[in-house]
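These notes are about the structure you will find just below.
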Amino acid sequence: MFIIKFHYLLQRLWVTFMITIGFSSHRAETIPFALQIMEQHQIVVLEEPPHPRFADMLNGNLSIADYLMEIDIEFPEFDRLMCKELRRLHQKGKKLLQIEPYLERLLKIHEYFADGMTPVDVLNMADLKAIYLAEKAATGSLINFYARSMEKDFTQVIESVKTFATADAQRSNLRSSLRSEAIANLDTTKKIYVESGYIHYPLYRYFLQNFKDNQNIRAVYLMQPVFRKLGCKRRNMGPGDILTLYYALNLPIKKDLANLLSARSLIYTQLIETQEMLHNQSNMTPHTLDEAQANRLVDRLGFEDCKTIYSEIRFKNRHESLNLVKSYVRSK
């Protein structure tokens with residue numbers, strides 16, 4: 001009886017939420033989890049810039065294959081499967097919107113440069129200046145990291161990781177701020193689902209600011225049921241993302257912890273599979289399992305451990321790095 005009442009209460013609470021932010025990664029395995037929540041909303045906001053032929057794809061006037069050839073895709077299988085589901089949602093009457101002002105303006109900058117404009121021209125455009133500066137800072141710090149990573153001074157490598165994480169956090173905040181402002185103009189009498197990557201958690205904070213008259217907002221980690229079964233820590237996020245979120249949320253962080261997260265991130269990025277993996281009946285969440293394994297390994301490493309391991313694996317492939325780290329952890 002208690003369980004029945006509990007589920008009834010959850011359903012009543014669910015009804016009160018008008019805006020849901022679904023945090024996940026763009027992996028094919030996350031789609032079933034996203035659809036469960038999308039189905040219960042009238043408006044679905046996608047984390048991508050508007051494309052002129054999006055409506056044609058939804059209506060079936062443009063094939064999914066042809067549509068995907070016109071856009072920049074990082075995970076082909078995810079995009080293909082998602083487009084199929086978006087078509088189905090469209091046919092059911094869901095309103096599907098592409099809202100990502102930061103990326104939309106970044107595309108404009110690239111187009112302007114292709115047309116012969118200079119950075120000075122872009123800096124004189126009020127709506128593009130902040131995006132250009134944020135991208136310049138993040139890209140510059142990333143290039144600096146790559147340069148430092150080739151050197152033997154581990155301290156300098158760690159400093160370059162923190163510098164990039166800081167720039168990336170500032171870029172993420174700007175992106176979340178612009179997106180929140182755009183979404184705030186939607187019809188909030190409708191239930192709205194907002195797609196978002198894990199690293200953009202500040203979006204939730206901006207929503208609380210921009211939707212002052214409607215506090216029925218919640219953040220959901222789509223893969224949480226899987227995380228819970230695996231016993232994952234920190235939403236199964238890698239150490240680099242954790243560090244970036246510290247900076248993005250302006251949370252106090254001790255230098256030793258920032259250094260440790262930076263050091264672990266160097267190892268973590270060598271261990272995870274970056275190529276798209278397809279789920280199947282024997283493994284429905286391959287990326288989640290892969291990231292969980294990497295996190296378990298790096299969580300057992302201290303700063304000096306990372307320093308020792310990094311010097312050995314930085315030029316090795318993922319398979320060799322994984323075997324080396326597993327062996328190192330077993331020997332501790």
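In the structure tokens, the first chain shown is A, the next is B, and so on; residue numbers restart at 1 for each chain, and ligands run from 1 in the order shown.
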
Name the residues of range 57-243 of chain A that come out as helix (DSSP H, G or I) in a backbone DSSP run; write them as a PyMOL selection string.
chain A and resi 57-59+64-69+76-91+101-114+119-123+126-149+154-183+198-200+202-210+224-230+234-236+239-243

Neighbour list for Lys332 in chain A as number ranges by chain, cut-off 10 Å, only C-alpha atoms, skip fewer than 2 positions in-chain:
A: 300-301, 305, 327-330

Which polymer residues have any atom within 10 Å of an atom of range 64-73 of chain A, counting only C-alpha atoms, with same-chain residues fewer than 5 positions away left out, as a list in words?
Pro49, His51, Arg53, Phe54, Asp56, Met57, Leu58, Phe78, Asp79, Arg80, Leu81, Met82, Cys83, Lys84 and Arg87 of chain A

For the selection just defined, write its residues with C-alpha atoms to a file, as a PDB file, in the first residue's frame.
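In the end it all went to part-v5.pdb:
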```pdb
ATOM      1  CA  PRO A  49      21.776  25.515 -33.683  1.00  0.00           C
ATOM      2  CA  HIS A  51      19.127  24.406 -39.468  1.00  0.00           C
ATOM      3  CA  ARG A  53      16.074  22.135 -43.486  1.00  0.00           C
ATOM      4  CA  PHE A  54      15.222  20.729 -40.061  1.00  0.00           C
ATOM      5  CA  ASP A  56      11.887  19.265 -44.088  1.00  0.00           C
ATOM      6  CA  MET A  57      13.617  16.368 -42.354  1.00  0.00           C
ATOM      7  CA  LEU A  58      10.873  16.139 -39.724  1.00  0.00           C
ATOM      8  CA  PHE A  78      23.334   8.913 -32.312  1.00  0.00           C
ATOM      9  CA  ASP A  79      22.199  11.554 -34.805  1.00  0.00           C
ATOM     10  CA  ARG A  80      20.676   9.012 -37.176  1.00  0.00           C
ATOM     11  CA  LEU A  81      18.686   7.265 -34.462  1.00  0.00           C
ATOM     12  CA  MET A  82      17.678  10.541 -32.833  1.00  0.00           C
ATOM     13  CA  CYS A  83      16.389  11.944 -36.122  1.00  0.00           C
ATOM     14  CA  LYS A  84      14.169   8.875 -36.517  1.00  0.00           C
ATOM     15  CA  ARG A  87      10.256  12.404 -36.704  1.00  0.00           C
TER      16      ARG A  87
END
```

Within 9 Å of Pro202 in chain A using only C-alpha atoms, minus same-chain residues under 6 positions, as a ChimeraX atom specification
/A:172-173,176-177,245,248-249

Could you save those same residues with C-alpha atoms as a PDB file, in the first residue's frame?
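Result written to selection.pdb:
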```
ATOM      1  CA  SER A 172      30.200  27.088 -20.875  1.00  0.00           C
ATOM      2  CA  ASN A 173      28.668  29.774 -18.674  1.00  0.00           C
ATOM      3  CA  SER A 176      24.291  28.436 -20.887  1.00  0.00           C
ATOM      4  CA  SER A 177      23.387  32.063 -20.215  1.00  0.00           C
ATOM      5  CA  LEU A 245      32.196  22.480 -13.073  1.00  0.00           C
ATOM      6  CA  ALA A 248      31.831  27.189 -13.838  1.00  0.00           C
ATOM      7  CA  LEU A 249      29.830  27.197 -10.601  1.00  0.00           C
TER       8      LEU A 249
END
```

For range 135-245 of chain A against range 24-36 of chain A, with a cut-off of 7 Å and counting only C-alpha atoms, what is the closest atom pair and its distance in Å to one decimal for every residue that makes the cut, ordered by chain and number, as JSON lines?
```
{"residue": "A:Ser196", "atom": "CA", "partner": "A:Ser24", "partner_atom": "CA", "distance": 6.5}
{"residue": "A:Gly197", "atom": "CA", "partner": "A:Ser24", "partner_atom": "CA", "distance": 5.2}
{"residue": "A:Tyr198", "atom": "CA", "partner": "A:Ser24", "partner_atom": "CA", "distance": 5.4}
{"residue": "A:Tyr221", "atom": "CA", "partner": "A:Ser24", "partner_atom": "CA", "distance": 6.3}
{"residue": "A:Leu222", "atom": "CA", "partner": "A:Phe33", "partner_atom": "CA", "distance": 5.8}
{"residue": "A:Met223", "atom": "CA", "partner": "A:Phe33", "partner_atom": "CA", "distance": 6.9}
```

Could you save those same residues with N, CA and C atoms as a compact mmCIF listing (two decimals), in the first residue's frame?
```txt
# COMPACT_ATOMS: atom_id res chain seq x y z
N SER A 196 20.49 18.78 -22.78
CA SER A 196 21.72 19.46 -22.39
C SER A 196 22.81 18.46 -22.05
N GLY A 197 24.04 18.84 -22.36
CA GLY A 197 25.19 18.02 -21.99
C GLY A 197 25.50 18.16 -20.51
N TYR A 198 26.15 17.15 -19.92
CA TYR A 198 26.48 17.16 -18.49
C TYR A 198 27.22 18.43 -18.06
N TYR A 221 19.35 13.67 -14.50
CA TYR A 221 20.45 12.95 -15.15
C TYR A 221 19.85 11.69 -15.77
N LEU A 222 19.77 11.66 -17.09
CA LEU A 222 19.04 10.61 -17.78
C LEU A 222 19.55 9.20 -17.47
N MET A 223 20.85 9.08 -17.31
CA MET A 223 21.44 7.76 -17.10
C MET A 223 21.55 7.40 -15.62
```

Skip Leu97 in chain A itself and residues of its chain fewer than 4 positions away, then list as a PyMOL selection string all residues within 8 Å of it, counting only C-alpha atoms.
chain A and resi 43-46+50

Neighbouring residues of Ala184 in chain A were defined as those with any atom within 12 Å, considering only C-alpha atoms; residues of the same chain fewer than 5 positions away were excluded. Please report them as a count of residues only.
21

Apply DSSP to the backbone of this structure and, from range 90-252 of chain A, keep only the residues in strand (DSSP E); write these as a compact mmCIF listing (two decimals) with N, CA and C atoms, in the first residue's frame.
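Writing the result to part02.txt gives the following:
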```txt
# COMPACT_ATOMS: atom_id res chain seq x y z
N LYS A 95 6.25 19.76 -30.32
CA LYS A 95 6.93 20.90 -30.94
C LYS A 95 8.42 20.76 -30.70
N LEU A 96 9.19 20.64 -31.76
CA LEU A 96 10.63 20.41 -31.66
C LEU A 96 11.37 21.67 -32.09
N LEU A 97 12.24 22.16 -31.21
CA LEU A 97 12.94 23.41 -31.46
C LEU A 97 14.46 23.22 -31.34
N GLN A 98 15.20 23.85 -32.20
CA GLN A 98 16.67 23.88 -32.11
C GLN A 98 17.06 25.24 -31.54
N ILE A 192 8.00 21.81 -21.01
CA ILE A 192 9.18 21.95 -21.87
C ILE A 192 10.28 21.01 -21.42
N TYR A 193 10.82 20.25 -22.37
CA TYR A 193 11.99 19.41 -22.11
C TYR A 193 13.19 20.04 -22.80
N VAL A 194 14.29 20.18 -22.08
CA VAL A 194 15.49 20.82 -22.63
C VAL A 194 16.65 19.82 -22.62
N GLU A 195 17.18 19.54 -23.79
CA GLU A 195 18.34 18.65 -23.92
C GLU A 195 19.60 19.41 -23.57
N SER A 196 20.49 18.78 -22.78
CA SER A 196 21.72 19.46 -22.39
C SER A 196 22.81 18.46 -22.05
N GLY A 197 24.04 18.84 -22.36
CA GLY A 197 25.19 18.02 -21.99
C GLY A 197 25.50 18.16 -20.51
N ILE A 217 10.96 23.86 -12.07
CA ILE A 217 12.08 23.47 -12.92
C ILE A 217 12.85 22.35 -12.24
N ARG A 218 13.22 21.36 -12.99
CA ARG A 218 14.02 20.30 -12.38
C ARG A 218 15.12 19.85 -13.33
N ALA A 219 16.19 19.38 -12.75
CA ALA A 219 17.32 18.83 -13.51
C ALA A 219 17.32 17.32 -13.33
N VAL A 220 17.45 16.60 -14.44
CA VAL A 220 17.43 15.13 -14.42
C VAL A 220 18.65 14.60 -15.13
N TYR A 221 19.35 13.67 -14.50
CA TYR A 221 20.45 12.95 -15.15
C TYR A 221 19.85 11.69 -15.77
```

Please identify all polymer residues within 12 Å of Glu304 in chain A, counting only C-alpha atoms, omitting same-chain residues fewer than 6 positions from it, and present them as a list in words.
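That gives Phe154, Thr155, Asp256, Asn259, Leu260, Ala263, Arg264, Tyr310 and Ser311 of chain A.
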
Kindly indicate which residue among A:Leu322, A:Leu103, A:Leu261, A:Ile267 lies nearest to Lys162 in chain A, using only C-alpha atoms for the distances.
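Among A:Leu322, A:Leu103, A:Leu261, A:Ile267, it is A:Leu261 that comes nearest to Lys162 in chain A.
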
Just give me the gap between CA of Thr269 in chain A and CA of Phe303 in chain A in Å, one decimal is fine.
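Distance reported for this atom pair: 15.6 Å.
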
Between A:Lys92, A:Leu106, A:Ile131, A:Pro239, which residue has the minimum interatomic distance to Val161 in chain A, considering only C-alpha atoms?
A:Pro239

Nearest to Met277 in chain A, restricted to only C-alpha atoms and choosing among A:Tyr247, A:Phe164, A:Phe75, A:Phe315, comes out as A:Phe75
